[in-house]
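Participant: This one is work-v4.cif, mmCIF, C-alpha atoms.
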data_work
#
loop_
_atom_site.label_atom_id
_atom_site.label_comp_id
_atom_site.auth_asym_id
_atom_site.auth_seq_id
_atom_site.Cartn_x
_atom_site.Cartn_y
_atom_site.Cartn_z
CA MET A 1 -30.80 -70.75 -191.61
CA ALA A 2 -31.53 -70.02 -188.00
CA ASP A 3 -35.26 -69.56 -187.57
CA TYR A 4 -35.01 -69.99 -183.82
CA LEU A 5 -33.33 -66.67 -183.10
CA ASN A 6 -33.48 -63.06 -184.21
CA LYS A 7 -30.03 -62.33 -185.62
CA ALA A 8 -30.45 -58.55 -185.59
CA GLU A 9 -31.52 -58.50 -181.96
CA PHE A 10 -28.71 -60.88 -181.01
CA SER A 11 -26.19 -58.66 -182.77
CA GLU A 12 -27.45 -55.47 -181.11
CA GLU A 13 -27.55 -56.99 -177.63
CA LEU A 14 -24.07 -58.39 -178.08
CA LYS A 15 -22.71 -55.04 -179.24
CA LYS A 16 -24.29 -53.30 -176.25
CA TYR A 17 -22.82 -55.83 -173.83
CA ILE A 18 -19.34 -55.67 -175.37
CA LYS A 19 -19.35 -51.87 -175.18
CA ILE A 20 -20.41 -52.00 -171.51
CA ARG A 21 -17.77 -54.63 -170.79
CA GLU A 22 -15.01 -52.61 -172.47
CA GLN A 23 -16.02 -49.49 -170.55
CA ALA A 24 -15.96 -51.44 -167.30
CA LYS A 25 -12.44 -52.68 -168.10
CA LEU A 26 -11.27 -49.13 -168.80
CA ASP A 27 -12.80 -47.87 -165.55
CA GLY A 28 -11.22 -50.71 -163.56
CA ARG A 29 -14.56 -52.17 -162.52
CA ASP A 30 -15.58 -55.82 -162.50
CA ILE A 31 -16.77 -57.28 -165.79
CA PRO A 32 -20.58 -57.20 -165.85
CA VAL A 33 -22.69 -60.34 -165.98
CA ILE A 34 -23.80 -61.48 -169.42
CA PRO A 35 -27.42 -60.45 -170.05
CA ASP A 36 -30.04 -63.21 -170.07
CA ILE A 37 -31.00 -62.58 -173.69
CA ILE A 38 -27.45 -63.22 -174.91
CA ALA A 39 -27.17 -66.33 -172.73
CA LYS A 40 -30.47 -67.64 -174.12
CA TYR A 41 -29.29 -67.09 -177.68
CA ILE A 42 -26.01 -68.90 -177.03
CA VAL A 43 -27.76 -71.82 -175.33
CA SER A 44 -30.21 -71.95 -178.23
CA ILE A 45 -27.39 -72.08 -180.78
CA VAL A 46 -25.60 -74.84 -178.85
CA GLU A 47 -28.73 -76.95 -178.29
CA ASN A 48 -29.82 -76.68 -181.91
CA THR A 49 -26.35 -77.64 -183.07
CA ALA A 50 -26.49 -80.63 -180.72
CA ASN A 51 -29.79 -81.71 -182.30
CA ARG A 52 -28.23 -81.99 -185.74
CA TYR A 53 -27.94 -85.47 -187.19
CA ASN A 54 -24.13 -85.25 -186.87
CA PHE A 55 -24.17 -85.11 -183.09
CA ARG A 56 -27.48 -86.27 -181.63
CA ARG A 57 -26.60 -89.94 -181.11
CA TYR A 58 -23.47 -89.50 -179.00
CA THR A 59 -23.78 -90.80 -175.46
CA TYR A 60 -21.80 -87.86 -174.11
CA LEU A 61 -24.02 -85.21 -175.73
CA ASP A 62 -24.53 -83.42 -172.40
CA ILE A 63 -20.79 -82.95 -172.07
CA MET A 64 -20.64 -81.69 -175.65
CA ILE A 65 -23.36 -79.13 -174.89
CA SER A 66 -21.50 -77.99 -171.79
CA ASP A 67 -18.30 -77.62 -173.80
CA GLY A 68 -20.13 -75.66 -176.48
CA ILE A 69 -21.60 -73.21 -173.98
CA TYR A 70 -18.27 -72.85 -172.17
CA TYR A 71 -16.27 -72.11 -175.32
CA CYS A 72 -18.90 -69.71 -176.67
CA LEU A 73 -18.81 -67.72 -173.44
CA LYS A 74 -15.04 -67.84 -173.38
CA ALA A 75 -14.80 -66.63 -176.99
CA MET A 76 -17.22 -63.77 -176.46
CA LYS A 77 -14.30 -61.52 -175.50
CA ASN A 78 -12.78 -62.04 -178.97
CA TYR A 79 -15.89 -61.10 -180.91
CA ASP A 80 -15.17 -58.09 -183.12
CA ILE A 81 -18.08 -55.63 -183.15
CA THR A 82 -16.36 -53.49 -185.80
CA ASN A 83 -16.39 -56.28 -188.38
CA GLU A 84 -18.53 -55.28 -191.36
CA LYS A 85 -19.98 -58.78 -191.76
CA ASP A 86 -21.44 -58.70 -188.23
CA ASN A 87 -22.65 -62.27 -187.93
CA PRO A 88 -22.62 -63.39 -184.30
CA PHE A 89 -24.76 -66.41 -185.17
CA GLY A 90 -22.10 -67.73 -187.55
CA TYR A 91 -19.30 -66.91 -185.13
CA PHE A 92 -20.83 -68.76 -182.18
CA SER A 93 -22.11 -71.62 -184.34
CA MET A 94 -18.58 -72.27 -185.59
CA ILE A 95 -17.17 -72.13 -182.06
CA CYS A 96 -19.81 -74.59 -180.91
CA TRP A 97 -19.15 -76.90 -183.87
CA ARG A 98 -15.42 -76.95 -183.13
CA ALA A 99 -16.05 -77.55 -179.44
CA PHE A 100 -18.18 -80.56 -180.35
CA GLN A 101 -15.46 -81.88 -182.66
CA GLN A 102 -12.84 -81.47 -179.95
CA ARG A 103 -14.99 -83.39 -177.44
CA ILE A 104 -15.49 -86.21 -179.96
CA LYS A 105 -11.72 -86.43 -180.47
CA LYS A 106 -11.10 -86.50 -176.70
CA GLU A 107 -13.71 -89.20 -176.13
CA LYS A 108 -12.37 -91.27 -179.03
CA ALA A 109 -8.83 -91.07 -177.64
CA GLU A 110 -10.08 -92.09 -174.20
CA TYR A 111 -12.05 -94.99 -175.69
CA GLU A 112 -9.05 -96.21 -177.66
CA GLY A 113 -6.90 -96.01 -174.54
CA LYS A 114 -9.39 -98.14 -172.64
CA MET A 115 -9.56 -100.65 -175.48
CA SER A 116 -5.78 -100.89 -175.73
CA LEU A 117 -5.66 -101.69 -172.01
CA MET A 118 -8.36 -104.32 -172.44
CA THR A 119 -6.60 -105.97 -175.35
CA ASP A 120 -3.10 -105.79 -173.85
CA ILE A 121 -2.00 -109.30 -172.92
CA ASP A 122 -0.06 -108.17 -169.86
CA THR A 123 -3.05 -106.31 -168.45
CA ILE A 124 -5.35 -109.28 -168.99
CA SER A 125 -2.93 -111.60 -167.22
CA TYR A 126 -2.86 -109.23 -164.23
CA SER A 127 -6.63 -109.11 -164.02
CA GLN A 128 -7.03 -112.90 -164.10
CA GLN A 129 -6.15 -115.08 -161.14
CA GLU A 130 -5.66 -118.83 -160.94
CA ASN A 131 -9.05 -119.59 -159.42
CA ASP A 132 -11.13 -117.29 -161.63
CA ASP A 133 -14.27 -118.88 -163.02
CA VAL A 134 -14.35 -116.59 -166.02
CA HIS A 135 -11.82 -116.95 -168.78
CA VAL A 136 -11.28 -113.98 -171.07
CA ASP A 137 -10.04 -114.88 -174.51
CA THR A 138 -7.76 -112.15 -175.82
CA ASN A 139 -8.60 -112.90 -179.45
CA GLU A 140 -12.33 -112.56 -178.77
CA THR A 141 -11.76 -109.21 -177.07
CA ILE A 142 -9.65 -107.93 -179.96
CA ASN A 143 -12.18 -109.13 -182.54
CA TRP A 144 -15.03 -107.48 -180.63
CA TYR A 145 -13.08 -104.21 -180.48
CA TYR A 146 -12.50 -104.12 -184.24
CA GLU A 147 -16.12 -105.04 -185.01
CA HIS A 148 -17.47 -102.19 -182.91
#
Kindly present the structure from the file in structure tokens form.
Facilitator:
Amino acid sequence: MADYLNKAEFSEELKKYIKIREQAKLDGRDIPVIPDIIAKYIVSIVENTANRYNFRRYTYLDIMISDGIYYCLKAMKNYDITNEKDNPFGYFSMICWRAFQQRIKKEKAEYEGKMSLMTDIDTISYSQQENDDVHVDTNETINWYYEH
């Protein structure tokens, strides 16, 4: 349960902002800036999700937090204020969670790409010259990759 934010206040502020935004769209005006209180709640949700045991030890946690904030703000336009369940905390928490999972998948794919280049025999032969003092054993590199 989220003790760090007032769900009723968050819901009311979000409803007010969405109504103002929709009216601005109808009038042909620019979309208004998100109020500070809503931004604080979203940042609070994202930071508290990042502090969970699932995510806190990743080295790219700052990027995950940035992704979470970005996708929450991007998804704000899809929030349905007419829904009877009216749970913006759950909505934005799930968006943040999925943003974190997507970042982990991207970083894992990038890491595996780097490791495949390191363990590729052709790449290693290009990076080593005749007069190099350091010899890189391909088997050691592959073993290290699978151990870590």
Participant: Give as number ranges by chain the residues that the PyMOL selection byres ((chain A and resi 78) around 12) matches when applied to the coordinates above.
Facilitator: A: 14, 18, 22, 71-77, 79-83, 88, 91-92, 95
Participant: For A:Ala39, please output as an NGL selection string all residues within 9 Å (counting all atoms listed in the file; exclusion window: fewer than 5 positions along the same chain).
Facilitator: :A and (34 or 44 or 69 or 73)
Participant: With a distance cut-off of 9 Å and all atoms listed in the file, select the neighbouring residues of A:Tyr60, excluding the residue or stretch itself and same-chain residues fewer than 2 positions from it, and output the selection as a count of residues only.
Facilitator: 9
Participant: Can you measure atom CA of A:Val46 to atom CA of A:Glu112 for me? One decimal in Å is fine.
Facilitator: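 Those two atoms sit 27.1 Å apart.
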Participant: I would like the residues chosen by the PyMOL selection byres ((chain A and resi 33) around 12) on the shown file; could you give them as a PyMOL selection string?
Facilitator: chain A and resi 17-18+20-21+24+30-32+34-39+73
Participant: Point out the residue among A:Glu13, A:Asp67, A:Glu84, A:Glu140 with the least atom-to-atom distance to A:Thr119, counting only C-alpha atoms.
Facilitator: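 For A:Thr119, the nearest of the given residues is A:Glu140.
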Participant: Of the candidates A:Asn48, A:Asp120, A:Asp27, A:Glu110, which shows the shortest atom-to-atom distance to A:Phe89, using only C-alpha atoms?
Facilitator: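 When distances to A:Phe89 are compared using only C-alpha atoms, the smallest one comes from A:Asn48.
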Participant: Between atom CA of A:Lys106 and atom CA of A:Trp144, what is the spacing in Å?
Facilitator: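 So the answer is 21.7 Å.
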Participant: Report as JSON, numbers by chain the residues that result from applying the PyMOL selection byres ((chain A and resi 97) around 10) to the structure here.
Facilitator: {"A": [46, 49, 50, 55, 64, 68, 92, 93, 94, 95, 96, 98, 99, 100, 101, 102]}
Participant: Just give me the gap between atom CA of A:Arg52 and atom CA of A:Phe10 in Å, one decimal is fine.
Facilitator: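 Result for atom CA of A:Arg52 versus atom CA of A:Phe10: 21.6 Å, one decimal.
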Participant: Stretch 51-77 of chain A from the block above, N, CA and C atoms, as a short mmCIF file (atom, residue, chain, number, x, y, z; two decimals), in the first residue's frame, please?
Facilitator:
data_model
loop_
_atom_site.label_atom_id
_atom_site.label_comp_id
_atom_site.auth_asym_id
_atom_site.auth_seq_id
_atom_site.Cartn_x
_atom_site.Cartn_y
_atom_site.Cartn_z
N ASN A 51 13.06 1.84 -5.62
CA ASN A 51 13.67 1.40 -4.36
C ASN A 51 13.25 0.01 -3.94
N ARG A 52 12.38 -0.62 -4.70
CA ARG A 52 12.01 -2.00 -4.39
C ARG A 52 13.20 -2.93 -4.58
N TYR A 53 13.17 -4.06 -3.91
CA TYR A 53 14.27 -5.00 -3.98
C TYR A 53 14.48 -5.53 -5.40
N ASN A 54 13.44 -5.51 -6.24
CA ASN A 54 13.54 -6.01 -7.60
C ASN A 54 14.49 -5.17 -8.46
N PHE A 55 14.55 -3.87 -8.18
CA PHE A 55 15.22 -2.96 -9.10
C PHE A 55 16.40 -2.21 -8.50
N ARG A 56 16.56 -2.16 -7.21
CA ARG A 56 17.51 -1.21 -6.61
C ARG A 56 18.97 -1.49 -6.91
N ARG A 57 19.34 -2.66 -7.33
CA ARG A 57 20.76 -2.97 -7.53
C ARG A 57 21.24 -2.84 -8.98
N TYR A 58 20.38 -2.39 -9.87
CA TYR A 58 20.80 -2.22 -11.26
C TYR A 58 21.69 -0.98 -11.38
N THR A 59 22.73 -1.10 -12.19
CA THR A 59 23.66 0.01 -12.35
C THR A 59 23.06 1.14 -13.17
N TYR A 60 22.06 0.84 -13.95
CA TYR A 60 21.40 1.84 -14.79
C TYR A 60 20.06 2.27 -14.20
N LEU A 61 19.99 2.34 -12.88
CA LEU A 61 18.75 2.70 -12.19
C LEU A 61 18.30 4.12 -12.53
N ASP A 62 19.24 5.04 -12.72
CA ASP A 62 18.88 6.40 -13.10
C ASP A 62 18.15 6.44 -14.44
N ILE A 63 18.60 5.63 -15.37
CA ILE A 63 17.95 5.56 -16.68
C ILE A 63 16.56 4.94 -16.52
N MET A 64 16.44 3.95 -15.66
CA MET A 64 15.14 3.33 -15.41
C MET A 64 14.16 4.35 -14.82
N ILE A 65 14.64 5.17 -13.90
CA ILE A 65 13.78 6.20 -13.30
C ILE A 65 13.36 7.21 -14.36
N SER A 66 14.27 7.61 -15.20
CA SER A 66 13.93 8.54 -16.27
C SER A 66 12.89 7.94 -17.21
N ASP A 67 13.07 6.67 -17.56
CA ASP A 67 12.09 6.00 -18.41
C ASP A 67 10.72 5.94 -17.74
N GLY A 68 10.72 5.63 -16.44
CA GLY A 68 9.45 5.54 -15.71
C GLY A 68 8.71 6.87 -15.71
N ILE A 69 9.42 7.95 -15.45
CA ILE A 69 8.79 9.27 -15.44
C ILE A 69 8.29 9.62 -16.85
N TYR A 70 9.10 9.36 -17.84
CA TYR A 70 8.73 9.68 -19.22
C TYR A 70 7.45 8.94 -19.63
N TYR A 71 7.41 7.63 -19.38
CA TYR A 71 6.24 6.86 -19.81
C TYR A 71 5.00 7.18 -18.99
N CYS A 72 5.17 7.54 -17.73
CA CYS A 72 4.01 7.96 -16.93
C CYS A 72 3.42 9.25 -17.48
N LEU A 73 4.28 10.20 -17.80
CA LEU A 73 3.80 11.46 -18.36
C LEU A 73 3.19 11.26 -19.74
N LYS A 74 3.78 10.38 -20.51
CA LYS A 74 3.26 10.09 -21.84
C LYS A 74 1.89 9.40 -21.76
N ALA A 75 1.70 8.53 -20.77
CA ALA A 75 0.46 7.78 -20.64
C ALA A 75 -0.64 8.56 -19.93
N MET A 76 -0.32 9.73 -19.43
CA MET A 76 -1.32 10.52 -18.72
C MET A 76 -2.51 10.85 -19.63
N LYS A 77 -2.24 11.02 -20.91
CA LYS A 77 -3.33 11.35 -21.84
C LYS A 77 -4.31 10.20 -22.01
#
